[in-house]
file upload.pdb (PDB, C-alpha atoms)
MODEL        1
ATOM      1  CA  PRO M   1       2.312  -2.543 -20.038  1.00  0.00           C
ATOM      2  CA  PRO M   2       5.029  -2.350 -17.366  1.00  0.00           C
ATOM      3  CA  THR M   3       6.727  -5.505 -18.738  1.00  0.00           C
ATOM      4  CA  LYS M   4       6.646  -7.645 -21.862  1.00  0.00           C
ATOM      5  CA  ASN M   5       7.257 -10.803 -19.827  1.00  0.00           C
ATOM      6  CA  LEU M   6       3.835 -12.350 -19.214  1.00  0.00           C
ATOM      7  CA  GLU M   7       5.027 -14.615 -16.392  1.00  0.00           C
ATOM      8  CA  ALA M   8       6.620 -11.656 -14.612  1.00  0.00           C
ATOM      9  CA  TYR M   9       3.419  -9.678 -15.022  1.00  0.00           C
ATOM     10  CA  GLN M  10       1.336 -12.560 -13.635  1.00  0.00           C
ATOM     11  CA  ALA M  11       3.607 -12.749 -10.580  1.00  0.00           C
ATOM     12  CA  PHE M  12       3.256  -8.975 -10.195  1.00  0.00           C
ATOM     13  CA  LEU M  13      -0.555  -9.202 -10.379  1.00  0.00           C
ATOM     14  CA  ARG M  14      -0.649 -12.027  -7.808  1.00  0.00           C
ATOM     15  CA  ALA M  15       1.371  -9.848  -5.435  1.00  0.00           C
ATOM     16  CA  ARG M  16      -1.014  -6.933  -6.064  1.00  0.00           C
ATOM     17  CA  TYR M  17      -3.978  -9.177  -5.293  1.00  0.00           C
ATOM     18  CA  TYR M  18      -2.594 -10.211  -1.894  1.00  0.00           C
ATOM     19  CA  GLU M  19      -1.542  -6.647  -1.169  1.00  0.00           C
ATOM     20  CA  GLY M  20      -5.129  -5.505  -1.672  1.00  0.00           C
ATOM     21  CA  ARG M  21      -6.771  -7.970   0.705  1.00  0.00           C
ATOM     22  CA  PRO M  22      -8.743  -6.330   3.535  1.00  0.00           C
ATOM     23  CA  HIS M  23      -6.352  -5.791   6.369  1.00  0.00           C
ATOM     24  CA  PHE M  24      -3.270  -7.986   6.316  1.00  0.00           C
ATOM     25  CA  THR M  25      -1.991 -11.313   7.514  1.00  0.00           C
ATOM     26  CA  ASP M  26       1.616 -12.404   7.840  1.00  0.00           C
ATOM     27  CA  GLU M  27       0.958 -15.015   5.173  1.00  0.00           C
ATOM     28  CA  ASN M  28      -0.344 -12.438   2.693  1.00  0.00           C
ATOM     29  CA  LEU M  29       2.489 -10.000   3.439  1.00  0.00           C
ATOM     30  CA  LEU M  30       4.988 -12.721   2.587  1.00  0.00           C
ATOM     31  CA  ARG M  31       3.047 -13.655  -0.555  1.00  0.00           C
ATOM     32  CA  VAL M  32       3.337 -10.024  -1.670  1.00  0.00           C
ATOM     33  CA  VAL M  33       7.127 -10.036  -1.257  1.00  0.00           C
ATOM     34  CA  GLU M  34       7.410 -13.422  -2.967  1.00  0.00           C
ATOM     35  CA  GLY M  35       5.301 -12.279  -5.920  1.00  0.00           C
ATOM     36  CA  TYR M  36       7.295  -9.111  -6.537  1.00  0.00           C
ATOM     37  CA  GLN M  37      10.564 -10.971  -6.024  1.00  0.00           C
ATOM     38  CA  GLN M  38       9.511 -13.537  -8.597  1.00  0.00           C
ATOM     39  CA  ALA M  39       8.513 -10.745 -10.991  1.00  0.00           C
ATOM     40  CA  VAL M  40      11.941  -9.070 -10.838  1.00  0.00           C
ATOM     41  CA  GLU M  41      13.718 -12.399 -11.178  1.00  0.00           C
ATOM     42  CA  LEU M  42      11.704 -13.152 -14.321  1.00  0.00           C
ATOM     43  CA  ASP M  43      12.260  -9.646 -15.701  1.00  0.00           C
ATOM     44  CA  PRO M  44      15.280  -7.813 -14.209  1.00  0.00           C
ATOM     45  CA  GLU M  45      14.237  -4.673 -16.148  1.00  0.00           C
ATOM     46  CA  PHE M  46      10.788  -4.473 -14.490  1.00  0.00           C
ATOM     47  CA  GLY M  47      11.200  -1.138 -12.671  1.00  0.00           C
ATOM     48  CA  LEU M  48       7.688  -1.006 -11.260  1.00  0.00           C
ATOM     49  CA  ALA M  49       8.057  -4.468  -9.743  1.00  0.00           C
ATOM     50  CA  PHE M  50      11.282  -3.319  -8.055  1.00  0.00           C
ATOM     51  CA  ALA M  51       9.443  -0.285  -6.651  1.00  0.00           C
ATOM     52  CA  GLU M  52       6.663  -2.471  -5.309  1.00  0.00           C
ATOM     53  CA  LEU M  53       9.232  -4.889  -3.898  1.00  0.00           C
ATOM     54  CA  ALA M  54      10.832  -1.959  -2.050  1.00  0.00           C
ATOM     55  CA  ARG M  55       7.431  -1.051  -0.642  1.00  0.00           C
ATOM     56  CA  ALA M  56       6.726  -4.678   0.360  1.00  0.00           C
ATOM     57  CA  HIS M  57      10.051  -5.096   2.175  1.00  0.00           C
ATOM     58  CA  ALA M  58       9.614  -1.719   3.869  1.00  0.00           C
ATOM     59  CA  ARG M  59       6.116  -2.681   4.990  1.00  0.00           C
ATOM     60  CA  LEU M  60       7.447  -5.830   6.694  1.00  0.00           C
ATOM     61  CA  TYR M  61      10.014  -3.617   8.402  1.00  0.00           C
ATOM     62  CA  TYR M  62       7.410  -0.997   9.393  1.00  0.00           C
ATOM     63  CA  LEU M  63       5.029  -3.574  10.875  1.00  0.00           C
ATOM     64  CA  TRP M  64       7.856  -5.192  12.872  1.00  0.00           C
ATOM     65  CA  TYR M  65       7.365  -8.507  11.112  1.00  0.00           C
ATOM     66  CA  ASP M  66      11.083  -8.281  10.305  1.00  0.00           C
ATOM     67  CA  HIS M  67      12.607  -5.127  11.754  1.00  0.00           C
ATOM     68  CA  SER M  68      16.135  -6.069  10.761  1.00  0.00           C
ATOM     69  CA  SER M  69      18.813  -4.113   8.949  1.00  0.00           C
ATOM     70  CA  THR M  70      18.793  -6.914   6.351  1.00  0.00           C
ATOM     71  CA  ARG M  71      15.135  -6.273   5.522  1.00  0.00           C
ATOM     72  CA  LEU M  72      15.742  -2.533   5.332  1.00  0.00           C
ATOM     73  CA  GLU M  73      18.719  -3.089   3.034  1.00  0.00           C
ATOM     74  CA  LYS M  74      16.612  -5.271   0.722  1.00  0.00           C
ATOM     75  CA  ALA M  75      14.069  -2.445   0.531  1.00  0.00           C
ATOM     76  CA  ARG M  76      16.770   0.134  -0.174  1.00  0.00           C
ATOM     77  CA  ARG M  77      18.355  -1.922  -2.965  1.00  0.00           C
ATOM     78  CA  ALA M  78      14.990  -2.528  -4.628  1.00  0.00           C
ATOM     79  CA  ALA M  79      14.130   1.197  -4.405  1.00  0.00           C
ATOM     80  CA  GLU M  80      17.451   2.164  -6.006  1.00  0.00           C
ATOM     81  CA  GLN M  81      16.914  -0.355  -8.811  1.00  0.00           C
ATOM     82  CA  ALA M  82      13.382   0.964  -9.402  1.00  0.00           C
ATOM     83  CA  ILE M  83      14.453   4.576  -9.767  1.00  0.00           C
ATOM     84  CA  GLU M  84      17.371   3.583 -11.988  1.00  0.00           C
ATOM     85  CA  LEU M  85      15.119   1.566 -14.329  1.00  0.00           C
ATOM     86  CA  SER M  86      11.940   3.671 -14.381  1.00  0.00           C
ATOM     87  CA  PRO M  87      12.421   7.194 -12.984  1.00  0.00           C
ATOM     88  CA  GLU M  88       9.644   8.563 -15.210  1.00  0.00           C
ATOM     89  CA  LEU M  89       6.844   6.225 -14.069  1.00  0.00           C
ATOM     90  CA  PRO M  90       4.378   7.875 -11.663  1.00  0.00           C
ATOM     91  CA  ALA M  91       3.541   4.458 -10.171  1.00  0.00           C
ATOM     92  CA  VAL M  92       7.197   3.999  -9.235  1.00  0.00           C
ATOM     93  CA  HIS M  93       7.086   7.267  -7.298  1.00  0.00           C
ATOM     94  CA  LEU M  94       3.868   6.173  -5.613  1.00  0.00           C
ATOM     95  CA  ALA M  95       5.509   2.955  -4.400  1.00  0.00           C
ATOM     96  CA  LEU M  96       8.606   4.885  -3.349  1.00  0.00           C
ATOM     97  CA  GLY M  97       6.405   7.237  -1.342  1.00  0.00           C
ATOM     98  CA  TYR M  98       5.211   4.247   0.651  1.00  0.00           C
ATOM     99  CA  TYR M  99       8.808   3.021   0.883  1.00  0.00           C
ATOM    100  CA  GLN M 100       9.879   6.336   2.466  1.00  0.00           C
ATOM    101  CA  LEU M 101       6.941   6.190   4.847  1.00  0.00           C
ATOM    102  CA  TYR M 102       7.377   2.553   5.870  1.00  0.00           C
ATOM    103  CA  ALA M 103      11.169   2.270   5.915  1.00  0.00           C
ATOM    104  CA  TYR M 104      12.046   5.616   7.468  1.00  0.00           C
ATOM    105  CA  ARG M 105       8.749   7.152   8.591  1.00  0.00           C
ATOM    106  CA  ASP M 106       9.840  10.142   6.544  1.00  0.00           C
ATOM    107  CA  GLN M 107       6.559  11.881   5.854  1.00  0.00           C
ATOM    108  CA  LEU M 108       8.132  14.773   3.923  1.00  0.00           C
ATOM    109  CA  LYS M 109      10.006  12.546   1.473  1.00  0.00           C
ATOM    110  CA  ALA M 110       6.921  10.376   1.149  1.00  0.00           C
ATOM    111  CA  LEU M 111       4.831  13.432   0.257  1.00  0.00           C
ATOM    112  CA  GLU M 112       7.476  14.529  -2.271  1.00  0.00           C
ATOM    113  CA  GLU M 113       7.205  11.157  -4.014  1.00  0.00           C
ATOM    114  CA  LEU M 114       3.400  11.279  -3.881  1.00  0.00           C
ATOM    115  CA  THR M 115       3.424  14.765  -5.420  1.00  0.00           C
ATOM    116  CA  ILE M 116       5.473  13.452  -8.346  1.00  0.00           C
ATOM    117  CA  ALA M 117       3.120  10.472  -8.696  1.00  0.00           C
ATOM    118  CA  ALA M 118       0.005  12.660  -8.565  1.00  0.00           C
ATOM    119  CA  LYS M 119       1.173  14.690 -11.563  1.00  0.00           C
ATOM    120  CA  GLY M 120       0.863  11.608 -13.738  1.00  0.00           C
ATOM    121  CA  MET M 121      -1.979   9.897 -11.852  1.00  0.00           C
ATOM    122  CA  PRO M 122      -4.132  12.644 -10.275  1.00  0.00           C
ATOM    123  CA  HIS M 123      -7.085  10.364  -9.529  1.00  0.00           C
ATOM    124  CA  ASN M 124      -5.180   7.303  -8.356  1.00  0.00           C
ATOM    125  CA  VAL M 125      -6.802   5.781  -5.308  1.00  0.00           C
ATOM    126  CA  GLU M 126      -3.479   4.699  -3.798  1.00  0.00           C
ATOM    127  CA  ILE M 127      -2.262   8.279  -3.626  1.00  0.00           C
ATOM    128  CA  PHE M 128      -5.220   9.086  -1.380  1.00  0.00           C
ATOM    129  CA  GLU M 129      -4.567   5.949   0.658  1.00  0.00           C
ATOM    130  CA  ALA M 130      -0.945   6.996   1.153  1.00  0.00           C
ATOM    131  CA  LYS M 131      -2.020  10.484   2.185  1.00  0.00           C
ATOM    132  CA  THR M 132      -4.413   8.803   4.604  1.00  0.00           C
ATOM    133  CA  ALA M 133      -1.526   6.849   6.150  1.00  0.00           C
ATOM    134  CA  ILE M 134       0.545  10.012   6.539  1.00  0.00           C
ATOM    135  CA  ALA M 135      -2.324  11.945   8.125  1.00  0.00           C
ATOM    136  CA  MET M 136      -2.955   9.008  10.455  1.00  0.00           C
ATOM    137  CA  GLN M 137       0.682   8.971  11.575  1.00  0.00           C
ATOM    138  CA  GLN M 138       0.412  12.683  12.289  1.00  0.00           C
ATOM    139  CA  GLY M 139      -2.782  12.193  14.300  1.00  0.00           C
ATOM    140  CA  HIS M 140      -4.786  14.300  11.821  1.00  0.00           C
ATOM    141  CA  TRP M 141      -7.887  12.114  11.949  1.00  0.00           C
ATOM    142  CA  GLU M 142     -10.248  14.410  10.047  1.00  0.00           C
ATOM    143  CA  GLU M 143      -7.720  14.692   7.221  1.00  0.00           C
ATOM    144  CA  ALA M 144      -7.254  10.910   7.260  1.00  0.00           C
ATOM    145  CA  LEU M 145     -11.023  10.496   7.067  1.00  0.00           C
ATOM    146  CA  ALA M 146     -11.306  12.946   4.144  1.00  0.00           C
ATOM    147  CA  ASN M 147      -8.572  11.162   2.180  1.00  0.00           C
ATOM    148  CA  SER M 148     -10.091   7.766   2.959  1.00  0.00           C
ATOM    149  CA  LYS M 149     -13.518   8.967   1.804  1.00  0.00           C
ATOM    150  CA  LYS M 150     -11.988  10.201  -1.459  1.00  0.00           C
ATOM    151  CA  ALA M 151     -10.238   6.846  -1.928  1.00  0.00           C
ATOM    152  CA  PHE M 152     -13.523   5.005  -1.371  1.00  0.00           C
ATOM    153  CA  GLU M 153     -15.310   7.292  -3.850  1.00  0.00           C
ATOM    154  CA  LEU M 154     -12.682   6.357  -6.428  1.00  0.00           C
ATOM    155  CA  SER M 155     -12.794   2.642  -5.584  1.00  0.00           C
ATOM    156  CA  PRO M 156     -16.173   1.794  -4.026  1.00  0.00           C
ATOM    157  CA  ARG M 157     -15.728  -1.974  -4.483  1.00  0.00           C
ATOM    158  CA  ASP M 158     -12.508  -2.148  -2.429  1.00  0.00           C
ATOM    159  CA  PRO M 159     -13.257  -3.768   0.951  1.00  0.00           C
ATOM    160  CA  SER M 160      -9.884  -2.763   2.383  1.00  0.00           C
ATOM    161  CA  ILE M 161     -10.655   0.916   1.925  1.00  0.00           C
ATOM    162  CA  ALA M 162     -14.121   0.415   3.436  1.00  0.00           C
ATOM    163  CA  VAL M 163     -12.520  -1.150   6.524  1.00  0.00           C
ATOM    164  CA  ASP M 164     -10.107   1.774   6.871  1.00  0.00           C
ATOM    165  CA  LEU M 165     -12.939   4.256   6.455  1.00  0.00           C
ATOM    166  CA  ALA M 166     -14.979   2.467   9.135  1.00  0.00           C
ATOM    167  CA  GLU M 167     -12.010   2.666  11.504  1.00  0.00           C
ATOM    168  CA  PHE M 168     -11.705   6.419  11.041  1.00  0.00           C
ATOM    169  CA  TYR M 169     -15.414   6.879  11.734  1.00  0.00           C
ATOM    170  CA  TRP M 170     -14.970   4.767  14.863  1.00  0.00           C
ATOM    171  CA  ILE M 171     -11.912   6.738  16.036  1.00  0.00           C
ATOM    172  CA  LEU M 172     -13.866   9.962  15.521  1.00  0.00           C
ATOM    173  CA  ARG M 173     -16.802   8.494  17.508  1.00  0.00           C
ATOM    174  CA  ARG M 174     -19.119   8.561  14.514  1.00  0.00           C
ATOM    175  CA  TYR M 175     -20.438   5.128  15.423  1.00  0.00           C
ATOM    176  CA  ASN M 176     -23.464   4.874  13.152  1.00  0.00           C
ATOM    177  CA  GLU M 177     -21.331   5.727  10.121  1.00  0.00           C
ATOM    178  CA  ALA M 178     -18.707   3.222  11.318  1.00  0.00           C
ATOM    179  CA  ILE M 179     -21.292   0.427  11.576  1.00  0.00           C
ATOM    180  CA  ASN M 180     -22.818   1.251   8.199  1.00  0.00           C
ATOM    181  CA  THR M 181     -19.390   1.261   6.570  1.00  0.00           C
ATOM    182  CA  CYS M 182     -18.507  -2.050   8.237  1.00  0.00           C
ATOM    183  CA  ASP M 183     -21.699  -3.490   6.764  1.00  0.00           C
ATOM    184  CA  ILE M 184     -20.536  -2.342   3.318  1.00  0.00           C
ATOM    185  CA  ALA M 185     -17.113  -3.943   3.887  1.00  0.00           C
ATOM    186  CA  ILE M 186     -18.772  -7.209   4.958  1.00  0.00           C
ATOM    187  CA  GLU M 187     -20.931  -7.167   1.850  1.00  0.00           C
ATOM    188  CA  LEU M 188     -17.844  -6.597  -0.313  1.00  0.00           C
ATOM    189  CA  ALA M 189     -15.714  -9.267   1.414  1.00  0.00           C
ATOM    190  CA  PRO M 190     -17.963 -11.682   3.358  1.00  0.00           C
ATOM    191  CA  ASP M 191     -15.178 -14.244   3.814  1.00  0.00           C
ATOM    192  CA  ASP M 192     -12.666 -11.852   5.369  1.00  0.00           C
ATOM    193  CA  ALA M 193     -12.623 -11.589   9.164  1.00  0.00           C
ATOM    194  CA  TRP M 194     -11.471  -8.000   9.629  1.00  0.00           C
ATOM    195  CA  PRO M 195     -14.696  -6.211   8.591  1.00  0.00           C
ATOM    196  CA  TYR M 196     -16.607  -8.221  11.195  1.00  0.00           C
TER
ENDMDL
END
call {"tool": "encode", "arguments": {"input": "upload.pdb", "output": "structure tokens"}}
result
Amino acid sequence: PPTKNLEAYQAFLRARYYEGRPHFTDENLLRVVEGYQQAVELDPEFGLAFAELARAHARLYYLWYDHSSTRLEKARRAAEQAIELSPELPAVHLALGYYQLYAYRDQLKALEELTIAAKGMPHNVEIFEAKTAIAMQQGHWEEALANSKKAFELSPRDPSIAVDLAEFYWILRRYNEAINTCDIAIELAPDDAWPY
């Protein structure tokens, strides 16, 4: 386990839950930050929680929810703490890959972190999701689609991935596949608005 503190781990899992909701809302983005922040306060040695906190702060910065130097500094400090505490954990490098992508839009550094993560977690769905995000930023839609399809193969019950996959089909004008994939996302998460 990444921590021996059960309360810290519960806070971490709550943050993960809100992070995995289909699409995002401001409320859920803030819940993610709050959960990881609570986790590191309860266990200051929880390196993975610091890495995820760095990713969460960087995501708020990336999405212009809070595009301030203060938010970026919070992300940077959490990333430094994560690598100091748990440099060997592949999941830390995965989160830091997202941090590089969200905070600095540095696709090369993000891919370096993802390469390290993939050595220890070769079939991790989030690695394919991160590669999807990088391909999307580069305008490589077929590559984004291929990575998203692989992610959905690995996690076929994840409505968020189904929504992303449907979007790529739509962007590529593969409308029937987009509609069918939206139907799958609706079946997986009937109470979430984004698949509709």
call {"tool": "resolve_selection", "arguments": {"input": "upload.pdb", "expression": "the PyMOL selection byres ((chain M and resi 120) around 9)", "output": "list in words"}}
result
Leu89, Pro90, Ala91, Ile116, Ala117, Ala118, Lys119, Met121 and Pro122 of chain M
call {"tool": "residues_around", "arguments": {"input": "upload.pdb", "residues": "region 66-68 of chain M", "least_positions_apart": "4", "cutoff": "12 Å", "atoms": "only C-alpha atoms", "output": "PyMOL selection string"}}
result
chain M and resi 26+29-30+56-62+72-75+102-104
call {"tool": "residues_around", "arguments": {"input": "upload.pdb", "residues": "region 173-175 of chain M", "least_positions_apart": "6", "cutoff": "12 Å", "atoms": "all atoms listed in the file", "output": "tab-separated table (two decimals) with C-alpha atoms, in the coordinates of the input"}}
result
chain	number	residue	atom	x	y	z
M	141	TRP	CA	-7.89	12.11	11.95
M	142	GLU	CA	-10.25	14.41	10.05
M	145	LEU	CA	-11.02	10.50	7.07
M	165	LEU	CA	-12.94	4.26	6.46
M	166	ALA	CA	-14.98	2.47	9.14
M	167	GLU	CA	-12.01	2.67	11.50
M	181	THR	CA	-19.39	1.26	6.57
M	182	CYS	CA	-18.51	-2.05	8.24
call {"tool": "closest_residue", "arguments": {"input": "upload.pdb", "among": "M:Gly97, M:Val33, M:Leu111, M:Phe12", "to": "Ala49 (chain M)", "atoms": "only C-alpha atoms"}}
result
M:Phe12
call {"tool": "closest_residue", "arguments": {"input": "upload.pdb", "among": "M:Tyr17, M:Phe24, M:Tyr98, M:Phe50", "to": "Arg77 (chain M)", "atoms": "all atoms listed in the file"}}
result
M:Phe50
call {"tool": "residues_around", "arguments": {"input": "upload.pdb", "residues": "Tyr36 (chain M)", "least_positions_apart": "4", "cutoff": "9 Å", "atoms": "all atoms listed in the file", "output": "list in words"}}
result
Ala8, Ala11, Phe12, Leu13, Arg14, Ala15, Arg16, Arg31, Val32, Val40, Glu41, Ala49, Phe50, Glu52, Leu53 and Ala56 of chain M
call {"tool": "closest_residue", "arguments": {"input": "upload.pdb", "among": "M:Ala146, M:Val92, M:Leu101, M:Ile161", "to": "Ile134 (chain M)", "atoms": "only C-alpha atoms"}}
result
M:Leu101
call {"tool": "atom_distance", "arguments": {"input": "upload.pdb", "atom1": "CA of Ser86 (chain M)", "atom2": "CA of Gln38 (chain M)"}}
result
18.3 Å
call {"tool": "residues_near_point", "arguments": {"input": "upload.pdb", "point": "(-21.8, 3.2, 6.8)", "cutoff": "12 Å", "atoms": "all atoms listed in the file", "output": "list of chain:residue names"}}
result
M:Lys149, M:Phe152, M:Ala162, M:Val163, M:Asp164, M:Leu165, M:Ala166, M:Glu167, M:Phe168, M:Tyr169, M:Trp170, M:Arg174, M:Tyr175, M:Asn176, M:Glu177, M:Ala178, M:Ile179, M:Asn180, M:Thr181, M:Cys182, M:Asp183, M:Ile184, M:Ala185, M:Ile186, M:Glu187, M:Pro195
call {"tool": "residues_around", "arguments": {"input": "upload.pdb", "residues": "region 107-110 of chain M", "least_positions_apart": "4", "cutoff": "10 Å", "atoms": "all atoms listed in the file", "output": "PyMOL selection string"}}
result
chain M and resi 93-102+114-115+130-131+133-135+137-138
call {"tool": "atom_distance", "arguments": {"input": "upload.pdb", "atom1": "CA of Ile127 (chain M)", "atom2": "CA of Leu63 (chain M)"}}
result
20.1 Å
call {"tool": "closest_residue", "arguments": {"input": "upload.pdb", "among": "M:Asp106, M:Glu7, M:Glu113, M:Glu45", "to": "Gln81 (chain M)", "atoms": "all atoms listed in the file"}}
result
M:Glu45
call {"tool": "residues_near_point", "arguments": {"input": "upload.pdb", "point": "(-8.4, 0.1, -2.7)", "cutoff": "9 Å", "atoms": "all atoms listed in the file", "output": "JSON, numbers by chain"}}
result
{"M": [20, 21, 22, 125, 126, 129, 151, 152, 154, 155, 156, 157, 158, 159, 160, 161, 162]}
call {"tool": "closest_residue", "arguments": {"input": "upload.pdb", "among": "M:Gln37, M:Leu42, M:Arg76, M:Asp191", "to": "Ala54 (chain M)", "atoms": "all atoms listed in the file"}}
result
M:Arg76
call {"tool": "atom_distance", "arguments": {"input": "upload.pdb", "atom1": "CA of Asp192 (chain M)", "atom2": "CA of His140 (chain M)"}}
result
28.1 Å
call {"tool": "closest_residue", "arguments": {"input": "upload.pdb", "among": "M:Ser69, M:Phe46, M:Thr3, M:Arg105", "to": "Pro87 (chain M)", "atoms": "all atoms listed in the file"}}
result
M:Phe46
call {"tool": "axis_aligned_box", "arguments": {"input": "upload.pdb", "around": "region 101-120 of chain M", "padding_each_side": "4 Å", "output": "JSON"}}
result
{"center_x": 6.0, "center_y": 8.5, "center_z": -2.6, "size_x": 20.0, "size_y": 20.5, "size_z": 30.3}
